[in-house]
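Coordinates as given in start16.txt (compact mmCIF, C-alpha atoms):
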# COMPACT_ATOMS: atom_id res chain seq x y z
CA MET F 1 11.11 13.93 -21.34
CA ASP F 2 14.32 15.96 -21.40
CA ARG F 3 16.41 16.22 -18.29
CA ILE F 4 18.04 19.44 -17.14
CA SER F 5 21.68 18.82 -16.41
CA LEU F 6 22.91 20.30 -13.10
CA THR F 7 26.46 20.49 -11.81
CA THR F 8 27.29 20.78 -8.11
CA PRO F 9 27.82 22.99 -6.18
CA LEU F 10 24.54 24.56 -7.28
CA SER F 11 24.21 28.30 -7.79
CA GLY F 12 21.23 30.18 -6.41
CA ASN F 13 20.30 31.30 -9.88
CA VAL F 14 20.07 27.77 -11.31
CA VAL F 15 18.06 26.53 -8.33
CA GLU F 16 15.57 29.40 -8.49
CA ASN F 17 14.81 28.64 -12.13
CA LEU F 18 13.81 25.04 -11.49
CA ARG F 19 10.13 24.11 -11.18
CA SER F 20 8.29 21.20 -9.60
CA GLY F 21 7.87 18.32 -12.04
CA GLN F 22 11.05 19.02 -14.02
CA ARG F 23 13.43 16.14 -14.49
CA VAL F 24 17.07 16.79 -13.70
CA SER F 25 20.34 14.90 -13.83
CA LEU F 26 23.01 15.74 -11.30
CA ASN F 27 26.75 15.77 -11.90
CA GLY F 28 29.58 16.31 -9.46
CA ILE F 29 30.01 15.79 -5.74
CA ILE F 30 27.02 15.15 -3.46
CA TYR F 31 26.95 14.04 0.19
CA THR F 32 24.95 11.30 1.87
CA GLY F 33 23.24 11.66 5.20
CA ARG F 34 20.28 10.10 6.95
CA ASP F 35 18.84 9.92 10.46
CA ALA F 36 21.88 9.47 12.71
CA ALA F 37 24.20 11.67 10.61
CA HIS F 38 21.66 14.49 10.60
CA LYS F 39 21.33 14.34 14.36
CA ARG F 40 25.10 14.81 14.59
CA LEU F 41 25.35 17.52 11.94
CA VAL F 42 22.79 19.61 13.78
CA GLU F 43 24.49 18.96 17.14
CA TYR F 44 27.76 20.16 15.58
CA ILE F 45 26.05 23.31 14.32
CA GLU F 46 24.55 24.01 17.75
CA GLN F 47 27.94 23.51 19.42
CA GLY F 48 29.66 25.70 16.84
CA LYS F 49 31.87 22.83 15.60
CA LYS F 50 33.13 22.56 12.02
CA LEU F 51 30.99 20.33 9.77
CA PRO F 52 32.59 17.49 7.77
CA PHE F 53 31.75 19.37 4.55
CA ASP F 54 30.86 22.92 3.56
CA LEU F 55 27.08 23.26 3.04
CA GLU F 56 27.23 26.21 0.63
CA GLY F 57 25.58 25.26 -2.66
CA GLN F 58 25.66 21.59 -1.69
CA VAL F 59 23.31 18.67 -2.12
CA ILE F 60 22.51 16.03 0.52
CA TYR F 61 21.22 12.67 -0.64
CA TYR F 62 19.16 10.80 1.97
CA VAL F 63 20.55 7.31 1.51
CA GLY F 64 22.08 4.47 3.47
CA PRO F 65 23.69 2.34 0.75
CA SER F 66 24.13 -1.40 0.96
CA PRO F 67 27.79 -2.56 1.08
CA ALA F 68 29.77 -2.66 -2.16
CA ARG F 69 30.82 -6.05 -3.48
CA PRO F 70 34.57 -6.32 -4.10
CA GLY F 71 35.55 -4.26 -7.14
CA MET F 72 32.36 -2.23 -7.14
CA VAL F 73 31.96 1.44 -6.19
CA ILE F 74 28.86 1.00 -4.02
CA GLY F 75 25.99 -1.41 -3.41
CA ALA F 76 22.35 -0.50 -3.92
CA ALA F 77 21.79 3.20 -3.26
CA GLY F 78 18.18 4.36 -3.53
CA PRO F 79 16.56 7.18 -1.53
CA THR F 80 15.12 6.81 1.96
CA THR F 81 12.00 8.58 3.29
CA SER F 82 12.85 12.28 3.62
CA GLY F 83 10.25 13.12 6.26
CA ARG F 84 12.49 11.72 8.99
CA MET F 85 15.03 14.47 8.26
CA ASP F 86 12.40 17.24 8.40
CA LEU F 87 13.35 18.24 11.92
CA TYR F 88 16.92 18.97 10.81
CA ALA F 89 16.56 20.20 7.22
CA PRO F 90 15.55 23.87 7.82
CA LYS F 91 18.78 24.50 9.78
CA LEU F 92 20.84 23.11 6.89
CA TYR F 93 19.01 25.10 4.20
CA ALA F 94 19.59 28.21 6.34
CA LEU F 95 23.34 27.53 6.18
CA GLY F 96 23.45 27.38 2.38
CA LEU F 97 22.38 23.83 1.50
CA LYS F 98 20.71 24.11 -1.92
CA ALA F 99 19.07 20.72 -2.44
CA THR F 100 18.11 17.50 -0.73
CA ILE F 101 17.28 14.24 -2.50
CA GLY F 102 14.99 11.60 -1.05
CA LYS F 103 11.47 10.28 -1.43
CA GLY F 104 8.12 11.24 0.07
CA ARG F 105 6.62 14.44 1.41
CA ARG F 106 8.33 17.28 3.30
CA SER F 107 6.80 19.10 6.28
CA PRO F 108 5.41 22.65 6.02
CA ASP F 109 8.47 23.86 8.00
CA VAL F 110 10.87 22.44 5.41
CA ILE F 111 8.81 23.85 2.54
CA ARG F 112 8.85 27.28 4.21
CA ALA F 113 12.62 27.04 4.70
CA MET F 114 13.11 26.19 1.02
CA ARG F 115 11.13 29.26 -0.02
CA LYS F 116 12.97 31.46 2.42
CA TYR F 117 16.52 30.25 1.73
CA LYS F 118 15.96 29.38 -1.96
CA GLY F 119 16.47 25.65 -1.79
CA ILE F 120 14.78 22.77 -3.56
CA TYR F 121 13.77 19.20 -2.81
CA LEU F 122 14.32 16.44 -5.36
CA ALA F 123 13.03 12.88 -5.43
CA ALA F 124 14.86 9.85 -6.75
CA VAL F 125 12.89 6.68 -7.48
CA GLY F 126 12.47 4.68 -4.29
CA GLY F 127 13.41 1.08 -4.89
CA ALA F 128 15.31 1.77 -8.12
CA ALA F 129 18.48 1.36 -6.08
CA ALA F 130 20.49 -0.73 -8.52
CA LEU F 131 19.68 1.62 -11.40
CA ILE F 132 20.66 4.69 -9.37
CA ALA F 133 23.90 3.05 -8.22
CA ARG F 134 25.07 3.06 -11.85
CA SER F 135 25.28 6.85 -11.79
CA ILE F 136 27.59 6.79 -8.75
CA LYS F 137 31.20 6.75 -9.99
CA GLU F 138 33.14 7.20 -6.75
CA ALA F 139 32.22 6.84 -3.09
CA ARG F 140 34.14 7.35 0.13
CA VAL F 141 33.20 7.76 3.78
CA ILE F 142 34.21 11.22 5.01
CA ALA F 143 32.62 11.26 8.48
CA TYR F 144 31.08 9.13 11.24
CA PRO F 145 32.26 5.70 9.95
CA GLU F 146 30.96 4.12 13.16
CA LEU F 147 27.42 4.74 11.93
CA GLY F 148 27.83 1.98 9.31
CA PRO F 149 25.33 2.55 6.48
CA GLU F 150 24.46 5.89 8.08
CA ALA F 151 28.00 7.32 7.77
CA VAL F 152 28.43 10.46 5.64
CA HIS F 153 29.74 9.49 2.18
CA GLU F 154 31.05 11.79 -0.49
CA LEU F 155 29.73 10.59 -3.84
CA LEU F 156 30.85 11.56 -7.32
CA VAL F 157 27.80 11.23 -9.57
CA GLU F 158 27.23 11.39 -13.30
CA ASP F 159 23.75 11.83 -14.74
CA PHE F 160 22.12 11.00 -11.42
CA PRO F 161 18.37 11.00 -12.23
CA ALA F 162 15.93 12.97 -10.06
CA ILE F 163 12.75 14.99 -10.31
CA VAL F 164 11.94 18.35 -8.69
CA ILE F 165 9.24 17.92 -6.03
CA ASN F 166 9.39 21.28 -4.22
CA ASP F 167 10.71 24.41 -5.90
CA THR F 168 11.58 27.81 -4.40
CA LEU F 169 8.12 29.21 -5.17
CA GLY F 170 6.11 26.63 -3.23
CA GLY F 171 5.34 24.27 -6.10
CA ASP F 172 4.79 20.66 -4.93
CA LEU F 173 4.73 17.83 -7.46
CA TYR F 174 3.00 15.42 -5.05
CA ASP F 175 0.09 17.83 -4.51
CA GLU F 176 -0.13 18.69 -8.18
CA SER F 177 -0.09 15.01 -9.26
CA ILE F 178 -2.71 13.75 -6.84
CA LYS F 179 -5.04 16.58 -7.88
CA LEU F 180 -4.70 15.52 -11.51
CA TYR F 181 -5.45 11.85 -10.94
CA SER F 182 -7.59 11.57 -7.81
CA GLU F 183 -11.15 10.37 -8.19
CA HIS F 184 -11.72 10.74 -4.45
CA ARG F 185 -12.62 13.67 -2.31
CA GLU F 186 -9.74 15.93 -1.25
CA ASP F 187 -9.20 14.23 2.13
CA GLY F 188 -9.14 10.73 0.68
CA ARG F 189 -12.31 9.71 2.50
CA ILE F 190 -14.72 7.39 0.73
CA MET L 1 6.26 -9.15 -8.65
CA LEU L 2 7.74 -8.57 -12.11
CA GLU L 3 4.54 -9.91 -13.68
CA GLY L 4 2.57 -7.59 -11.44
CA LEU L 5 4.65 -4.61 -12.58
CA GLN L 6 4.29 -5.62 -16.26
CA LYS L 7 0.53 -5.74 -15.82
CA ALA L 8 0.57 -2.40 -13.98
CA LEU L 9 2.56 -0.85 -16.84
CA LYS L 10 -0.31 -1.70 -19.21
CA GLN L 11 -2.94 -0.31 -16.84
CA GLU L 12 -1.16 2.90 -15.87
CA VAL L 13 -2.32 5.98 -17.74
CA SER L 14 0.01 8.65 -16.34
CA ILE L 15 3.24 9.33 -18.22
CA ASN L 16 5.16 9.78 -14.99
CA GLY L 17 3.67 6.56 -13.64
CA LYS L 18 4.58 4.54 -16.71
CA GLU L 19 8.12 5.90 -16.66
CA ILE L 20 8.54 4.87 -13.02
CA ILE L 21 7.27 1.35 -13.62
CA GLN L 22 9.68 1.01 -16.55
CA GLN L 23 12.53 2.15 -14.31
CA LEU L 24 11.56 -0.42 -11.68
CA LEU L 25 11.60 -3.17 -14.30
CA ALA L 26 15.00 -1.98 -15.59
CA ASN L 27 16.21 -1.82 -11.98
CA ALA L 28 15.27 -5.46 -11.39
CA GLU L 29 17.23 -6.45 -14.47
CA ILE L 30 20.36 -4.51 -13.40
CA ALA L 31 20.11 -5.89 -9.87
CA ARG L 32 20.07 -9.44 -11.22
CA GLU L 33 23.01 -8.84 -13.57
CA GLU L 34 25.18 -7.11 -11.01
CA LYS L 35 24.08 -9.21 -8.01
CA ILE L 36 23.11 -6.18 -5.95
CA PRO L 37 19.87 -5.68 -4.04
CA ILE L 38 16.92 -4.09 -5.87
CA CYS L 39 16.62 -1.75 -2.89
CA GLN L 40 19.36 -0.73 -0.46
CA ASP L 41 16.95 -1.30 2.43
CA THR L 42 17.34 -5.03 2.72
CA GLY L 43 15.10 -4.91 5.71
CA PHE L 44 14.43 -6.31 9.11
CA ALA L 45 14.72 -10.09 8.79
CA VAL L 46 11.21 -11.29 9.61
CA VAL L 47 11.14 -15.07 9.81
CA PHE L 48 7.98 -17.15 9.97
CA VAL L 49 8.60 -20.63 11.33
CA GLU L 50 6.14 -23.48 11.01
CA LEU L 51 7.50 -26.07 13.35
CA GLY L 52 6.19 -29.62 12.99
CA GLN L 53 5.20 -30.97 16.38
CA ASP L 54 7.08 -34.22 15.76
CA VAL L 55 10.37 -32.39 15.23
CA ARG L 56 12.99 -32.50 17.94
CA ILE L 57 15.73 -29.92 17.63
CA VAL L 58 19.09 -31.00 19.05
CA GLY L 59 22.58 -29.57 19.33
CA GLY L 60 21.78 -25.97 20.09
CA ASP L 61 19.25 -23.20 20.40
CA PHE L 62 16.84 -22.84 17.47
CA TYR L 63 16.46 -19.06 17.61
CA SER L 64 20.24 -18.61 17.88
CA ALA L 65 20.58 -20.73 14.74
CA ILE L 66 18.12 -18.49 12.89
CA ASN L 67 20.00 -15.38 14.01
CA GLU L 68 23.27 -16.97 12.92
CA GLY L 69 21.71 -17.53 9.50
CA VAL L 70 20.66 -13.89 9.34
CA ARG L 71 24.16 -12.77 10.37
CA LYS L 72 25.78 -14.91 7.66
CA GLY L 73 23.24 -14.05 5.00
CA TYR L 74 23.48 -10.29 5.52
CA THR L 75 27.28 -10.30 5.78
CA GLU L 76 28.17 -12.70 2.97
CA GLY L 77 25.39 -11.39 0.72
CA TYR L 78 26.54 -7.75 1.02
CA LEU L 79 23.15 -6.74 2.39
CA ARG L 80 22.68 -3.62 4.48
CA LYS L 81 22.82 -3.85 8.26
CA SER L 82 19.75 -1.88 9.27
CA ILE L 83 19.11 -2.89 12.88
CA VAL L 84 19.90 -0.80 15.96
CA ASN L 85 20.24 -2.38 19.40
CA HIS L 86 17.70 -0.27 21.26
CA PRO L 87 14.82 1.96 20.10
CA LEU L 88 16.23 4.98 21.96
CA GLU L 89 19.97 4.31 22.25
CA ARG L 90 20.15 3.29 18.56
CA GLU L 91 23.53 1.67 18.08
CA ASN L 92 23.81 -0.44 14.92
CA THR L 93 24.22 -4.15 15.80
CA GLY L 94 26.47 -4.51 12.74
CA ASP L 95 25.07 -7.79 11.45
CA ASN L 96 21.34 -7.13 11.04
CA THR L 97 20.43 -9.32 14.01
CA PRO L 98 18.23 -10.00 15.81
CA ALA L 99 15.51 -11.26 13.49
CA VAL L 100 11.83 -10.97 14.33
CA ILE L 101 10.68 -14.58 14.57
CA HIS L 102 7.07 -15.78 14.50
CA THR L 103 6.64 -19.43 15.39
CA LYS L 104 3.63 -21.60 14.74
CA ILE L 105 3.38 -25.22 15.84
CA VAL L 106 1.85 -27.40 13.12
CA SER L 107 1.38 -31.14 12.62
CA GLY L 108 4.08 -33.20 10.93
CA GLU L 109 7.83 -33.55 11.06
CA ASN L 110 9.05 -30.67 8.92
CA ILE L 111 10.26 -27.17 9.68
CA ARG L 112 9.09 -24.58 7.17
CA LEU L 113 10.94 -21.28 7.20
CA ILE L 114 9.68 -18.21 5.38
CA VAL L 115 12.05 -15.25 5.34
CA ALA L 116 10.36 -11.95 4.55
CA PRO L 117 12.81 -9.04 4.92
CA LYS L 118 10.81 -5.89 5.63
CA GLY L 119 11.86 -2.38 4.64
CA GLY L 120 11.49 0.43 7.15
CA GLY L 121 9.96 3.06 4.88
CA SER L 122 6.80 1.14 4.14
CA GLU L 123 6.62 -0.37 7.65
CA ASN L 124 6.55 3.16 9.08
CA MET L 125 3.39 3.96 7.12
CA SER L 126 1.45 1.04 8.65
CA ALA L 127 -1.27 1.38 11.32
CA VAL L 128 -3.64 -0.46 13.66
CA LYS L 129 -7.05 0.77 14.78
CA MET L 130 -9.62 -0.71 17.11
CA LEU L 131 -12.91 -0.07 15.28
CA LYS L 132 -16.38 -0.44 16.76
CA PRO L 133 -18.22 -3.53 15.50
CA SER L 134 -20.99 -1.18 14.29
CA GLU L 135 -18.53 0.41 11.84
CA GLY L 136 -18.40 -2.90 9.98
CA VAL L 137 -17.20 -3.29 6.45
CA HIS L 138 -17.58 0.42 5.65
CA GLY L 139 -15.42 1.34 8.64
CA LEU L 140 -12.77 -1.16 7.60
CA LYS L 141 -12.64 0.17 4.03
CA LYS L 142 -12.54 3.77 5.21
CA PHE L 143 -9.65 3.07 7.57
CA VAL L 144 -7.59 1.15 4.98
CA VAL L 145 -8.05 3.87 2.35
CA GLU L 146 -7.19 6.59 4.87
CA VAL L 147 -3.96 4.83 5.84
CA VAL L 148 -2.90 4.51 2.19
CA HIS L 149 -3.89 8.12 1.50
CA ALA L 150 -1.92 9.40 4.48
CA ALA L 151 1.10 7.33 3.43
CA GLY L 152 1.00 9.00 0.00
CA PRO L 153 4.36 8.84 -1.78
CA ASN L 154 6.35 7.76 1.31
CA PRO L 155 6.17 3.93 1.16
CA CYS L 156 7.41 3.76 -2.48
CA PRO L 157 4.21 3.02 -4.37
CA PRO L 158 3.14 0.89 -6.16
CA ILE L 159 2.57 -0.90 -2.87
CA VAL L 160 1.10 -4.15 -1.63
CA VAL L 161 -1.46 -3.65 1.15
CA GLY L 162 -1.75 -6.32 3.84
CA VAL L 163 -4.84 -6.09 6.03
CA GLY L 164 -5.53 -8.05 9.21
CA ALA L 165 -9.06 -7.92 10.60
CA GLY L 166 -10.26 -9.55 13.81
CA GLY L 167 -8.51 -11.22 16.72
CA THR L 168 -6.96 -8.88 19.26
CA PHE L 169 -4.77 -5.77 18.90
CA GLU L 170 -1.56 -7.72 18.24
CA LYS L 171 -3.25 -10.57 16.33
CA ALA L 172 -4.61 -8.13 13.75
CA ALA L 173 -1.12 -6.72 13.18
CA GLN L 174 0.34 -10.17 12.72
CA LEU L 175 -2.45 -11.14 10.31
CA ALA L 176 -1.70 -8.03 8.26
CA LYS L 177 1.93 -9.09 7.97
CA GLU L 178 0.95 -12.67 7.09
CA ALA L 179 -1.35 -11.28 4.38
CA LEU L 180 1.77 -9.86 2.69
CA LEU L 181 3.23 -13.37 2.39
CA ARG L 182 0.59 -14.40 -0.11
CA ASN L 183 1.65 -14.49 -3.76
CA LEU L 184 0.90 -11.15 -5.36
CA GLY L 185 -2.79 -10.88 -6.17
CA GLU L 186 -3.69 -14.37 -4.90
CA GLU L 187 -7.27 -14.01 -3.63
CA SER L 188 -8.55 -14.80 -0.18
CA LYS L 189 -10.09 -18.26 0.07
CA TYR L 190 -13.25 -16.64 1.48
CA PRO L 191 -15.38 -15.30 -1.44
CA GLY L 192 -16.72 -12.34 0.58
CA ILE L 193 -13.21 -11.30 1.57
CA ALA L 194 -11.91 -11.80 -1.99
CA LYS L 195 -14.64 -9.41 -3.17
CA LEU L 196 -13.66 -6.91 -0.50
CA GLU L 197 -10.01 -7.15 -1.60
CA LYS L 198 -11.02 -6.21 -5.16
CA GLU L 199 -13.23 -3.33 -4.00
CA LEU L 200 -10.47 -1.95 -1.78
CA LEU L 201 -7.86 -2.19 -4.55
CA ASP L 202 -10.21 -0.23 -6.79
CA GLU L 203 -10.81 2.43 -4.11
CA ILE L 204 -7.08 2.76 -3.42
CA ASN L 205 -6.24 3.08 -7.09
CA ARG L 206 -8.75 5.90 -7.41
CA LEU L 207 -6.72 7.96 -4.90
CA GLY L 208 -4.48 9.14 -7.75
CA ILE L 209 -1.21 8.81 -5.79
CA GLY L 210 0.31 6.63 -8.53
CA PRO L 211 3.82 5.16 -8.80
CA GLN L 212 6.16 7.05 -6.41
CA GLY L 213 3.37 9.57 -5.78
CA PHE L 214 3.96 11.16 -9.18
CA GLY L 215 0.29 10.65 -10.09
CA GLY L 216 -1.57 7.80 -11.71
CA LYS L 217 -3.90 4.87 -11.36
CA ILE L 218 -1.51 2.30 -9.94
CA THR L 219 -0.99 3.13 -6.28
CA ALA L 220 -1.34 -0.50 -5.16
CA LEU L 221 -0.65 -3.75 -6.98
CA ALA L 222 -2.79 -5.84 -4.63
CA VAL L 223 -4.77 -5.85 -1.39
CA HIS L 224 -4.60 -9.03 0.70
CA ILE L 225 -6.86 -9.46 3.71
CA GLU L 226 -6.58 -12.09 6.45
CA VAL L 227 -9.35 -12.52 9.02
CA TYR L 228 -9.70 -14.21 12.41
CA PRO L 229 -12.54 -14.60 14.96
CA THR L 230 -12.77 -11.68 17.33
CA HIS L 231 -14.36 -10.49 20.59
CA ILE L 232 -18.04 -9.42 20.71
CA ALA L 233 -16.86 -5.90 21.58
CA SER L 234 -14.08 -5.58 19.00
CA LEU L 235 -13.22 -5.01 15.37
CA PRO L 236 -9.43 -4.62 15.23
CA VAL L 237 -8.05 -3.69 11.81
CA ALA L 238 -4.36 -3.49 10.93
CA VAL L 239 -2.85 -2.24 7.71
CA ASN L 240 0.71 -3.29 6.90
CA ILE L 241 2.15 -1.66 3.82
CA ASN L 242 4.84 -3.23 1.68
CA CYS L 243 6.70 -1.39 -1.05
CA HIS L 244 7.02 -2.91 -4.52
CA ALA L 245 10.18 -4.67 -3.31
CA ALA L 246 8.15 -7.42 -1.60
CA ARG L 247 10.76 -10.13 -1.10
CA HIS L 248 10.09 -13.60 0.33
CA LYS L 249 11.90 -16.88 0.22
CA GLU L 250 10.95 -20.15 1.82
CA ALA L 251 12.59 -23.46 2.61
CA VAL L 252 11.42 -26.72 4.13
CA LEU L 253 13.82 -28.69 6.35

Exercise: express the given structure as structure tokens:
Amino acid sequence: MDRISLTTPLSGNVVENLRSGQRVSLNGIIYTGRDAAHKRLVEYIEQGKKLPFDLEGQVIYYVGPSPARPGMVIGAAGPTTSGRMDLYAPKLYALGLKATIGKGRRSPDVIRAMRKYKGIYLAAVGGAAALIARSIKEARVIAYPELGPEAVHELLVEDFPAIVINDTLGGDLYDESIKLYSEHREDGRI
Amino acid sequence: MLEGLQKALKQEVSINGKEIIQQLLANAEIAREEKIPICQDTGFAVVFVELGQDVRIVGGDFYSAINEGVRKGYTEGYLRKSIVNHPLERENTGDNTPAVIHTKIVSGENIRLIVAPKGGGSENMSAVKMLKPSEGVHGLKKFVVEVVHAAGPNPCPPIVVGVGAGGTFEKAAQLAKEALLRNLGEESKYPGIAKLEKELLDEINRLGIGPQGFGGKITALAVHIEVYPTHIASLPVAVNINCHAARHKEAVL
């Protein structure tokens, strides 16, 4: 299936035209952040401090990469479970963040925030971390180095593969997929 | 695991599902070529020790030696350091120690070490429940399927499902983890349990979650169940989920 090529920072127009289930490939700068970094980003926002990067039109990739071997850009770099960032994500979408990349479901609050602030949620393939690393061309830590794998990295990506899970209209690929293939009752009970 | 994924690729009917399995196979190939981990979450180092009762360990502390091995392995192998020092203070220990070590005393004069690094994403989707004995096999199946359903796309399906039934609260959880050590798809030695494993795998794969939750028939690659005697009042059941990156290595000293 064809991939839609996206270049960061993302414009509102491009994001609003994407639909759940579409495959995309990202190009340009994206930022990493997971549990500990998100806690700090939101603390900074609450204290009115300047963030390590401008959120407008940006993409945050939920990842804690493994260390790079000498001569390599990065180690393995697949997505982590997004649900742990649900508490923080609405605040970031409200400040102009356009997309997050991870794996697994988002909370109703995050889905509401994406509809309200016109953001999307993308999934990368969990466990395809060596494959994904190939699309990362440059990587550098730009904030919180003391957090080790949880530090905020700036990544330059080329043809980074992802799929739209939640779009700006409330579409949800996980819900749509399970409905297509489930042979169980709605609640999963047997 | 690669064989399991190859087999799953043939059985999967969803286009999305097939594409994911192909990517996982390609990923394994790239990881081998470039000597990088298949998944960046190189886990909590869970070490199962079978200590022969005739062994005498001299020259230092055994658990310190295991932790030293973990420190060296994770540092020299460029693996991710994923452990924080305290569940609430959460400062990274910087070397992936300490390990979680389970020790069993066995007969003989060998030490068998099984290292089973465990990723956090799938571990987080695991659960224990104290069922009533009257709930029986139906209750067990219902609970296991509910846990997998609730986990949905989060633990990186296709998954391996380890189930521990019986014992006490903590024994069931440990059995569930031990169940994950079995070779993929190796049946229980008890025919009744082996049948239950097949039935549960079928039920789980009818949920429709599919690879990565993108829909399909292959949500789990295998269900492994371990059992133990239990109290007249109890039916503990634990479900430990492993992602498709189920990594184990063993050595005998």

If we count only C-alpha atoms, which residues of chain F reach to within 8 Å of chain L? Please list them as an NGL selection string. :F and (64-69 or 75-78 or 80-81 or 103-105 or 125-131 or 147-149 or 173-174 or 177-184 or 188-190)

Would you compute the distance between CA of Lys137 in chain F and CA of Ala124 in chain F? Give it in Å to one decimal. 16.9 Å

Name the residues in contact with Lys39 in chain F at a cut-off of 10 Å, using all atoms listed in the file, excluding same-chain residues fewer than 6 positions from it; report them as a PDB file with C-alpha atoms, keeping the file's coordinate frame.
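Result file is selection11.pdb:
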ATOM      1  CA  GLY F  33      23.240  11.660   5.200  1.00  0.00           C
ATOM      2  CA  MET F  85      15.030  14.470   8.260  1.00  0.00           C
ATOM      3  CA  LEU F  87      13.350  18.240  11.920  1.00  0.00           C
ATOM      4  CA  TYR F  88      16.920  18.970  10.810  1.00  0.00           C
TER       5      TYR F  88
END

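Taking CA of Met1 in chain L and CA of Leu184 in chain L as endpoints, the distance between them is 6.6 Å.
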
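Pairwise distance (CA of Phe62 in chain L, CA of Val100 in chain L) equals 13.3 Å.
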
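Using all atoms listed in the file, the smallest distance between any of F:Tyr144, F:Pro90, F:Gly21, F:Thr168 and Arg40 in chain F comes from F:Tyr144.
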
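Comparing the minimum interatomic distances between Val15 in chain F and each of F:Lys49, F:His153, F:Lys118, F:His38, counting all atoms listed in the file, we find that F:Lys118 sits nearest.
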